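First comes the structure, then the notes that go with it.
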Amino acid sequence: MAVCFGISSSLHISLFAKHSPFLKQHTIRTFSQFKSTNTYKFSFKINSRYSTARNQRLVLSTLKSNHSKMEEIHNVSFIGAEKAQIVDDKLMSQLIGFELSQLMELAGLSVAQAVHDFYKDSSRRSIVVCCGPGNNGGDGLVAARHLFHFGYSINSVIYPRLATSFEKPLKPFYSQLISQLSALDIPLTSEPQVPQDAEIIIDSLFGFSFSSKGGIRSPYDIILSTMNQAQRKHNASVVAVDVPSGWHVETGPDPNADSNAQANTPDMLISLTCPKLGVRDYTGPHYIGGRFVPPKLLQEMDLKLPKYNGSDQIVRLV
């Protein structure tokens with residue numbers, strides 16, 4: 001679903017953004033995404049008649065209704081961090097029987113398939129993958145391997161955890177992922193600098209368990225800063241895995257946060273298992289991956305997911 005706005009002046013953009021924290025920070029990029037989406041469109045104009053409080057509330061009410069329609073049309077649930085963790089725990093319980101490495105492999109494959117689906121007709125072929133210290137970073141390591149086999153050039157995989165692997169050894173399956181990338185001669189580095197000539201950047205730093213309390217620690221703050229710079233100044237295309245890094249998993253980006261404390265609005269988003277509450281306002285290309293949840297678990301957790309087609313590991317929402 002896309003929402004397309006006809007805006008007659010910057011004054012009207014400011015008026016609208018004032019009443020939406022998400023749009024206040026991301027107005028320009030978001031409106032460019034509105035133009036690029038090609039699913040069904042809902043359009044209206046914001047003009048001087050929306051200057052009254054009553055009609056400003058009408059605009060916000062329209063957006064809220066819009067989110068509900070997203071969930072209804074695509075038959076999808078948006079969930080918070082606690083519910084997401086419960087789902088993961090149940091998937092890895094003795095009753096269902098998944099191991100973390102299996103879920104990571106399937107999630108990473110979903111990320112790679114979504115990236116290929118979106119960029120297959122693009123001239124962008126060079127990819128930088130930014131991997132954090134946890135499971136979201138592991139998804140990125142898996143995605144890098146699959147994207148290599150899909151024919152993309154993996155410029156580098158940035159994985160700062162490598163720098164501390166001697167004093168704090170990696171878990172066995174993380175070591176195996178590193179070995180698999182090395183066998184393909186994919187460049188791995190612990191240096192936290194995103195190349196400014198990157199064409200596609202995969203943001204796989206932090207997932208739904210991230211807490212912004214205390215800020216983003218070094219060296220991940222440097223990765224985030226240089227990633228934002230490459231996107232903003234050099235037109236790099238950023239793909240966020242599950243949740244854009246630094247965004248609150250339930251409330252989304254903080255409009256008052258420092259620009260280097262959270263990711264810019266991504267050019268594409270891949271939600272894993274279920275989309276999170278913090279991305280309900282995201283209007284760009286949005287995929288869901290993670291085709292491994294048993295129907296009984298969906299029913300138990302009162303979750304709705306869209307139907308996957310054929311052998312696809314992904315579903316595109318927008």
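FYI, nothing fancy with the structure tokens labels: chains A, B, ... in order, residues from 1 per chain, ligands from 1 as they appear.
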Using only C-alpha atoms, determine which residues lie at most 6 Å from stretch 282-292 of chain A, disregarding the query and same-chain residues fewer than 6 positions distant; provide the list as an NGL selection string.
:A and (33 or 107 or 110 or 268-273 or 313-318)
Non-local contacts of A:Arg232 (12 Å; only C-alpha atoms; under 6 positions in same chain excluded) as a compact mmCIF listing (two decimals) with N, CA and C atoms, in the first residue's frame:
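Result written to selection_5.txt:
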# COMPACT_ATOMS: atom_id res chain seq x y z
N HIS A 26 11.92 12.58 8.58
CA HIS A 26 12.20 11.88 7.33
C HIS A 26 11.36 12.35 6.14
N ILE A 28 11.55 14.41 3.46
CA ILE A 28 12.00 14.46 2.07
C ILE A 28 12.18 13.06 1.50
N ARG A 29 12.91 12.18 2.22
CA ARG A 29 13.14 10.83 1.72
C ARG A 29 11.84 10.06 1.62
N GLN A 196 32.38 4.91 1.17
CA GLN A 196 31.44 5.93 0.72
C GLN A 196 31.02 5.73 -0.74
N ASP A 197 31.67 4.78 -1.43
CA ASP A 197 31.26 4.48 -2.80
C ASP A 197 30.35 3.24 -2.85
N ALA A 198 29.86 2.81 -1.69
CA ALA A 198 28.98 1.64 -1.65
C ALA A 198 27.71 1.90 -2.44
N SER A 225 27.20 6.05 11.59
CA SER A 225 27.47 7.40 11.09
C SER A 225 27.93 7.37 9.64
N THR A 226 28.85 6.47 9.31
CA THR A 226 29.37 6.42 7.93
C THR A 226 28.35 5.81 6.97
N VAL A 238 20.24 1.88 1.21
CA VAL A 238 20.34 1.15 2.47
C VAL A 238 19.17 0.19 2.63
N SER A 259 21.55 12.59 14.71
CA SER A 259 21.46 11.91 13.41
C SER A 259 22.35 10.69 13.34
N ASN A 260 23.37 10.61 14.19
CA ASN A 260 24.26 9.45 14.16
C ASN A 260 23.90 8.41 15.22
N ALA A 263 19.69 4.94 12.44
CA ALA A 263 19.76 4.90 10.98
C ALA A 263 18.78 5.89 10.37
N ASN A 264 19.14 6.42 9.20
CA ASN A 264 18.20 7.18 8.40
C ASN A 264 17.07 6.26 7.97
N THR A 265 16.03 6.82 7.39
CA THR A 265 14.98 5.98 6.81
C THR A 265 15.59 5.11 5.72
N PRO A 266 15.44 3.79 5.80
CA PRO A 266 16.06 2.93 4.78
C PRO A 266 15.34 3.02 3.44
N ASP A 267 16.04 2.60 2.41
CA ASP A 267 15.45 2.56 1.08
C ASP A 267 14.65 1.29 0.87
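One distance worth recording is that between atom CA of A:Gln85 and atom CA of A:Pro294, which is 15.9 Å.
The strand (DSSP E or B) portion of stretch 77-257 of chain A consists of A:Ile79, A:Ser126, A:Ile127, A:Val128, A:Val129, A:Cys130, A:Cys131, A:Ser153, A:Ile154, A:Asn155, A:Ser156, A:Val157, A:Ile158, A:Leu188, A:Thr189, A:Ile200, A:Ile201, A:Ile202, A:Asp203, A:Ser204, A:Ser237, A:Val238, A:Val239, A:Ala240, A:Val241, A:His248, A:Gly252, with states taken from DSSP on the backbone.
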Find the residues around A:Leu303 up to 9 Å (only C-alpha atoms counted), leave out those fewer than 2 positions away in its own chain, and share them as a PyMOL selection string.
chain A and resi 76-79+274+297-301+305
List every residue of stretch 149-304 of chain A that DSSP, applied to the backbone of this structure, assigns to alpha helix (DSSP H), and report them as a ChimeraX atom specification.
/A:149,172-183,220-234,295-300
Selection to disk with N, CA, C and O atoms, as a short mmCIF file (atom, residue, chain, number, x, y, z; two decimals), in the first residue's frame:
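The resulting file, result.cif, is reproduced below:
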data_model
loop_
_atom_site.label_atom_id
_atom_site.label_comp_id
_atom_site.auth_asym_id
_atom_site.auth_seq_id
_atom_site.Cartn_x
_atom_site.Cartn_y
_atom_site.Cartn_z
N HIS A 149 26.44 -15.92 -4.18
CA HIS A 149 26.01 -16.98 -5.10
C HIS A 149 24.92 -16.49 -6.06
O HIS A 149 24.74 -17.08 -7.14
N PRO A 172 30.48 -21.51 17.87
CA PRO A 172 30.88 -22.35 16.74
C PRO A 172 30.19 -22.02 15.42
O PRO A 172 30.83 -21.96 14.38
N PHE A 173 28.87 -21.80 15.44
CA PHE A 173 28.20 -21.58 14.15
C PHE A 173 28.53 -20.21 13.57
O PHE A 173 28.48 -20.02 12.36
N TYR A 174 28.91 -19.23 14.41
CA TYR A 174 29.39 -17.95 13.88
C TYR A 174 30.75 -18.15 13.22
O TYR A 174 31.03 -17.59 12.15
N SER A 175 31.60 -18.95 13.85
CA SER A 175 32.90 -19.26 13.25
C SER A 175 32.73 -19.96 11.91
O SER A 175 33.47 -19.70 10.95
N GLN A 176 31.73 -20.83 11.83
CA GLN A 176 31.46 -21.52 10.57
C GLN A 176 31.00 -20.54 9.49
O GLN A 176 31.41 -20.65 8.33
N LEU A 177 30.18 -19.57 9.86
CA LEU A 177 29.74 -18.56 8.89
C LEU A 177 30.92 -17.76 8.37
O LEU A 177 31.00 -17.45 7.17
N ILE A 178 31.86 -17.41 9.26
CA ILE A 178 33.06 -16.69 8.85
C ILE A 178 33.90 -17.54 7.90
O ILE A 178 34.39 -17.05 6.87
N SER A 179 34.05 -18.81 8.22
CA SER A 179 34.82 -19.72 7.35
C SER A 179 34.18 -19.84 5.97
O SER A 179 34.86 -19.87 4.94
N GLN A 180 32.86 -19.90 5.94
CA GLN A 180 32.15 -20.01 4.66
C GLN A 180 32.37 -18.77 3.79
O GLN A 180 32.54 -18.88 2.57
N LEU A 181 32.39 -17.59 4.40
CA LEU A 181 32.65 -16.36 3.64
C LEU A 181 34.11 -16.31 3.18
O LEU A 181 34.39 -15.91 2.04
N SER A 182 35.02 -16.73 4.03
CA SER A 182 36.43 -16.74 3.67
C SER A 182 36.70 -17.68 2.52
O SER A 182 37.54 -17.39 1.64
N ALA A 183 35.98 -18.80 2.49
CA ALA A 183 36.16 -19.77 1.40
C ALA A 183 35.74 -19.19 0.05
O ALA A 183 36.20 -19.66 -1.01
N TYR A 220 30.11 0.61 16.78
CA TYR A 220 28.90 0.56 15.95
C TYR A 220 28.35 1.95 15.65
O TYR A 220 27.67 2.14 14.64
N ASP A 221 28.66 2.90 16.52
CA ASP A 221 28.25 4.28 16.24
C ASP A 221 28.97 4.83 15.01
O ASP A 221 28.40 5.60 14.23
N ILE A 222 30.22 4.40 14.81
CA ILE A 222 30.98 4.85 13.64
C ILE A 222 30.40 4.22 12.37
O ILE A 222 30.26 4.88 11.33
N ILE A 223 30.06 2.94 12.45
CA ILE A 223 29.43 2.27 11.29
C ILE A 223 28.15 2.99 10.91
O ILE A 223 27.90 3.29 9.74
N LEU A 224 27.33 3.28 11.92
CA LEU A 224 26.05 3.93 11.67
C LEU A 224 26.24 5.31 11.06
O LEU A 224 25.55 5.69 10.11
N SER A 225 27.20 6.05 11.59
CA SER A 225 27.47 7.40 11.09
C SER A 225 27.93 7.37 9.64
O SER A 225 27.44 8.14 8.80
N THR A 226 28.85 6.47 9.31
CA THR A 226 29.37 6.42 7.93
C THR A 226 28.35 5.81 6.97
O THR A 226 28.34 6.14 5.78
N MET A 227 27.48 4.95 7.49
CA MET A 227 26.40 4.42 6.66
C MET A 227 25.41 5.52 6.30
O MET A 227 25.01 5.67 5.14
N ASN A 228 25.02 6.30 7.30
CA ASN A 228 24.12 7.43 7.05
C ASN A 228 24.73 8.42 6.07
O ASN A 228 24.04 8.96 5.19
N GLN A 229 26.01 8.66 6.21
CA GLN A 229 26.69 9.61 5.33
C GLN A 229 26.72 9.11 3.89
O GLN A 229 26.48 9.87 2.95
N ALA A 230 26.99 7.81 3.72
CA ALA A 230 27.03 7.24 2.37
C ALA A 230 25.66 7.32 1.71
O ALA A 230 25.55 7.57 0.50
N GLN A 231 24.61 7.13 2.48
CA GLN A 231 23.25 7.22 1.96
C GLN A 231 22.87 8.66 1.63
O GLN A 231 22.34 8.95 0.56
N ARG A 232 23.18 9.56 2.56
CA ARG A 232 22.75 10.95 2.43
C ARG A 232 23.55 11.72 1.38
O ARG A 232 22.98 12.48 0.59
N LYS A 233 24.86 11.50 1.35
CA LYS A 233 25.72 12.31 0.49
C LYS A 233 26.12 11.62 -0.81
O LYS A 233 26.46 12.30 -1.80
N HIS A 234 26.09 10.30 -0.84
CA HIS A 234 26.60 9.58 -2.01
C HIS A 234 25.58 8.64 -2.62
O HIS A 234 25.93 7.79 -3.43
N PRO A 295 1.76 -23.26 11.61
CA PRO A 295 0.41 -22.69 11.75
C PRO A 295 -0.13 -22.75 13.19
O PRO A 295 -0.81 -21.83 13.64
N LYS A 296 0.19 -23.82 13.92
CA LYS A 296 -0.29 -23.93 15.29
C LYS A 296 0.28 -22.83 16.18
O LYS A 296 -0.40 -22.33 17.07
N LEU A 297 1.54 -22.44 15.91
CA LEU A 297 2.14 -21.37 16.70
C LEU A 297 1.53 -20.02 16.35
O LEU A 297 1.32 -19.18 17.23
N LEU A 298 1.22 -19.82 15.07
CA LEU A 298 0.54 -18.59 14.67
C LEU A 298 -0.79 -18.46 15.40
O LEU A 298 -1.14 -17.39 15.90
N GLN A 299 -1.51 -19.57 15.48
CA GLN A 299 -2.81 -19.56 16.14
C GLN A 299 -2.65 -19.32 17.65
O GLN A 299 -3.38 -18.52 18.24
N GLU A 300 -1.68 -19.98 18.24
CA GLU A 300 -1.44 -19.83 19.68
C GLU A 300 -1.08 -18.40 20.05
O GLU A 300 -1.54 -17.87 21.07
#
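For A:Ser122, the residues within 12 Å (counting only C-alpha atoms, excluding itself and residues fewer than 4 positions away along the chain) are Val115, His116, Asp117, Phe118, Ser126, Tyr152, Glu199, Ile200 and Ser237 of chain A.
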Same residues, C-alpha atoms, output as an mmCIF file, in the first residue's frame:
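The resulting file, part_11.cif, is shown below:
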data_model
loop_
_atom_site.group_PDB
_atom_site.id
_atom_site.type_symbol
_atom_site.label_atom_id
_atom_site.label_comp_id
_atom_site.auth_asym_id
_atom_site.auth_seq_id
_atom_site.Cartn_x
_atom_site.Cartn_y
_atom_site.Cartn_z
ATOM 1 C CA VAL A 115 17.464 -7.882 -1.936
ATOM 2 C CA HIS A 116 17.653 -9.759 -5.233
ATOM 3 C CA ASP A 117 13.935 -9.354 -5.881
ATOM 4 C CA PHE A 118 14.181 -5.600 -5.423
ATOM 5 C CA SER A 126 28.140 -3.961 -5.272
ATOM 6 C CA TYR A 152 26.420 -9.833 -6.551
ATOM 7 C CA GLU A 199 26.009 1.014 -3.950
ATOM 8 C CA ILE A 200 23.926 -1.137 -1.581
ATOM 9 C CA SER A 237 20.867 2.461 -1.071
#
Within 9 Å of A:Phe150, counting only C-alpha atoms, which residues qualify if same-chain residues fewer than 5 places away don't, as number ranges by chain?
A: 112-113, 116, 145
Include N, CA and C atoms and write out the residues we just selected as a PDB file, in the first residue's frame.
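Generated file (out.pdb):
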ATOM      1  N   ALA A 112      18.543 -12.216   1.529  1.00  0.00           N
ATOM      2  CA  ALA A 112      19.196 -12.245   0.214  1.00  0.00           C
ATOM      3  C   ALA A 112      18.166 -12.291  -0.913  1.00  0.00           C
ATOM      4  N   GLN A 113      17.117 -13.092  -0.742  1.00  0.00           N
ATOM      5  CA  GLN A 113      16.104 -13.195  -1.789  1.00  0.00           C
ATOM      6  C   GLN A 113      15.357 -11.881  -1.964  1.00  0.00           C
ATOM      7  N   HIS A 116      17.602  -9.422  -3.803  1.00  0.00           N
ATOM      8  CA  HIS A 116      17.653  -9.759  -5.233  1.00  0.00           C
ATOM      9  C   HIS A 116      16.347  -9.403  -5.924  1.00  0.00           C
ATOM     10  N   ARG A 145      26.676 -14.465   2.017  1.00  0.00           N
ATOM     11  CA  ARG A 145      27.039 -15.689   1.280  1.00  0.00           C
ATOM     12  C   ARG A 145      26.050 -15.966   0.155  1.00  0.00           C
TER      13      ARG A 145
END
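Residues in contact with A:Gly97 at 12 Å, where only C-alpha atoms are counted and same-chain residues fewer than 4 positions away are skipped, are listed as Asp88, Asp89, Lys90, Leu91, Met92, Ser93, Ser101, Gln102, Leu103, Phe292, Val293 and Pro294 of chain A.
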Write the residues of the selection above to a file with all heavy atoms, as an mmCIF file, in the first residue's frame.
data_model
loop_
_atom_site.group_PDB
_atom_site.id
_atom_site.type_symbol
_atom_site.label_atom_id
_atom_site.label_comp_id
_atom_site.auth_asym_id
_atom_site.auth_seq_id
_atom_site.Cartn_x
_atom_site.Cartn_y
_atom_site.Cartn_z
ATOM 1 N N ASP A 88 10.405 -16.512 19.122
ATOM 2 C CA ASP A 88 11.708 -17.152 18.920
ATOM 3 C C ASP A 88 11.936 -18.280 19.926
ATOM 4 O O ASP A 88 12.425 -19.360 19.564
ATOM 5 C CB ASP A 88 12.822 -16.109 19.057
ATOM 6 C CG ASP A 88 13.121 -15.414 17.746
ATOM 7 O OD1 ASP A 88 12.365 -15.625 16.777
ATOM 8 O OD2 ASP A 88 14.108 -14.648 17.685
ATOM 9 N N ASP A 89 11.604 -18.032 21.182
ATOM 10 C CA ASP A 89 11.803 -19.053 22.211
ATOM 11 C C ASP A 89 10.975 -20.302 21.917
ATOM 12 O O ASP A 89 11.450 -21.437 22.098
ATOM 13 C CB ASP A 89 11.424 -18.495 23.591
ATOM 14 C CG ASP A 89 12.407 -17.440 24.081
ATOM 15 O OD1 ASP A 89 13.528 -17.355 23.532
ATOM 16 O OD2 ASP A 89 12.043 -16.684 25.012
ATOM 17 N N LYS A 90 9.750 -20.100 21.472
ATOM 18 C CA LYS A 90 8.900 -21.247 21.165
ATOM 19 C C LYS A 90 9.407 -22.006 19.935
ATOM 20 O O LYS A 90 9.333 -23.239 19.878
ATOM 21 C CB LYS A 90 7.454 -20.784 20.954
ATOM 22 C CG LYS A 90 6.733 -20.389 22.247
ATOM 23 C CD LYS A 90 5.305 -19.996 22.005
ATOM 24 C CE LYS A 90 4.570 -19.703 23.315
ATOM 25 N NZ LYS A 90 4.391 -20.925 24.144
ATOM 26 N N LEU A 91 9.915 -21.261 18.946
ATOM 27 C CA LEU A 91 10.469 -21.923 17.765
ATOM 28 C C LEU A 91 11.655 -22.822 18.135
ATOM 29 O O LEU A 91 11.866 -23.886 17.540
ATOM 30 C CB LEU A 91 10.912 -20.886 16.729
ATOM 31 C CG LEU A 91 9.801 -20.173 15.959
ATOM 32 C CD1 LEU A 91 10.370 -18.987 15.182
ATOM 33 C CD2 LEU A 91 9.105 -21.136 14.997
ATOM 34 N N MET A 92 12.431 -22.381 19.150
ATOM 35 C CA MET A 92 13.622 -23.144 19.553
ATOM 36 C C MET A 92 13.355 -24.041 20.765
ATOM 37 O O MET A 92 14.294 -24.580 21.352
ATOM 38 C CB MET A 92 14.771 -22.178 19.843
ATOM 39 C CG MET A 92 15.296 -21.495 18.596
ATOM 40 S SD MET A 92 16.727 -20.418 18.884
ATOM 41 C CE MET A 92 15.919 -18.973 19.621
ATOM 42 N N SER A 93 12.090 -24.201 21.095
ATOM 43 C CA SER A 93 11.740 -25.100 22.200
ATOM 44 C C SER A 93 11.848 -26.550 21.752
ATOM 45 O O SER A 93 11.932 -26.860 20.554
ATOM 46 C CB SER A 93 10.312 -24.812 22.674
ATOM 47 O OG SER A 93 9.369 -25.175 21.664
ATOM 48 N N SER A 101 20.931 -21.683 14.695
ATOM 49 C CA SER A 101 21.651 -21.653 13.412
ATOM 50 C C SER A 101 20.719 -21.921 12.237
ATOM 51 O O SER A 101 20.896 -21.353 11.153
ATOM 52 C CB SER A 101 22.791 -22.672 13.418
ATOM 53 O OG SER A 101 22.304 -23.981 13.675
ATOM 54 N N GLN A 102 19.702 -22.768 12.438
ATOM 55 C CA GLN A 102 18.733 -23.040 11.370
ATOM 56 C C GLN A 102 17.890 -21.804 11.073
ATOM 57 O O GLN A 102 17.685 -21.445 9.902
ATOM 58 C CB GLN A 102 17.814 -24.201 11.767
ATOM 59 C CG GLN A 102 18.474 -25.560 11.834
ATOM 60 C CD GLN A 102 17.492 -26.615 12.311
ATOM 61 O OE1 GLN A 102 17.062 -26.613 13.466
ATOM 62 N NE2 GLN A 102 17.117 -27.514 11.426
ATOM 63 N N LEU A 103 17.398 -21.156 12.127
ATOM 64 C CA LEU A 103 16.584 -19.955 11.934
ATOM 65 C C LEU A 103 17.410 -18.846 11.277
ATOM 66 O O LEU A 103 16.914 -18.108 10.423
ATOM 67 C CB LEU A 103 16.030 -19.473 13.275
ATOM 68 C CG LEU A 103 15.053 -20.418 13.981
ATOM 69 C CD1 LEU A 103 14.629 -19.825 15.325
ATOM 70 C CD2 LEU A 103 13.829 -20.677 13.108
ATOM 71 N N PHE A 292 8.988 -20.037 8.379
ATOM 72 C CA PHE A 292 9.263 -21.220 9.194
ATOM 73 C C PHE A 292 8.343 -21.330 10.413
ATOM 74 O O PHE A 292 8.560 -22.165 11.275
ATOM 75 C CB PHE A 292 10.726 -21.229 9.655
ATOM 76 C CG PHE A 292 11.255 -19.893 10.135
ATOM 77 C CD1 PHE A 292 10.718 -19.259 11.239
ATOM 78 C CD2 PHE A 292 12.282 -19.263 9.449
ATOM 79 C CE1 PHE A 292 11.193 -18.037 11.678
ATOM 80 C CE2 PHE A 292 12.781 -18.036 9.869
ATOM 81 C CZ PHE A 292 12.237 -17.422 10.996
ATOM 82 N N VAL A 293 7.334 -20.473 10.509
ATOM 83 C CA VAL A 293 6.468 -20.494 11.694
ATOM 84 C C VAL A 293 5.322 -21.484 11.483
ATOM 85 O O VAL A 293 4.525 -21.330 10.555
ATOM 86 C CB VAL A 293 5.893 -19.089 11.981
ATOM 87 C CG1 VAL A 293 5.075 -19.112 13.272
ATOM 88 C CG2 VAL A 293 7.016 -18.056 12.075
ATOM 89 N N PRO A 294 5.217 -22.514 12.327
ATOM 90 C CA PRO A 294 4.125 -23.490 12.182
ATOM 91 C C PRO A 294 2.755 -22.822 12.368
ATOM 92 O O PRO A 294 2.606 -21.926 13.210
ATOM 93 C CB PRO A 294 4.394 -24.495 13.314
ATOM 94 C CG PRO A 294 5.833 -24.312 13.669
ATOM 95 C CD PRO A 294 6.123 -22.858 13.437
#
Proximity to A:Ile127 - best of A:Gln262, A:Ser153, A:Thr189, A:Asn309, only C-alpha atoms:
A:Ser153
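Computed from the coordinates, the atom CA of A:Asn256 to atom CA of A:Pro160 distance equals 27.8 Å.
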Measuring between only C-alpha atoms, which one of A:Gln94, A:Lys171, A:Ala81, A:Glu105 shows the shortest distance to A:Gly140?
A:Glu105
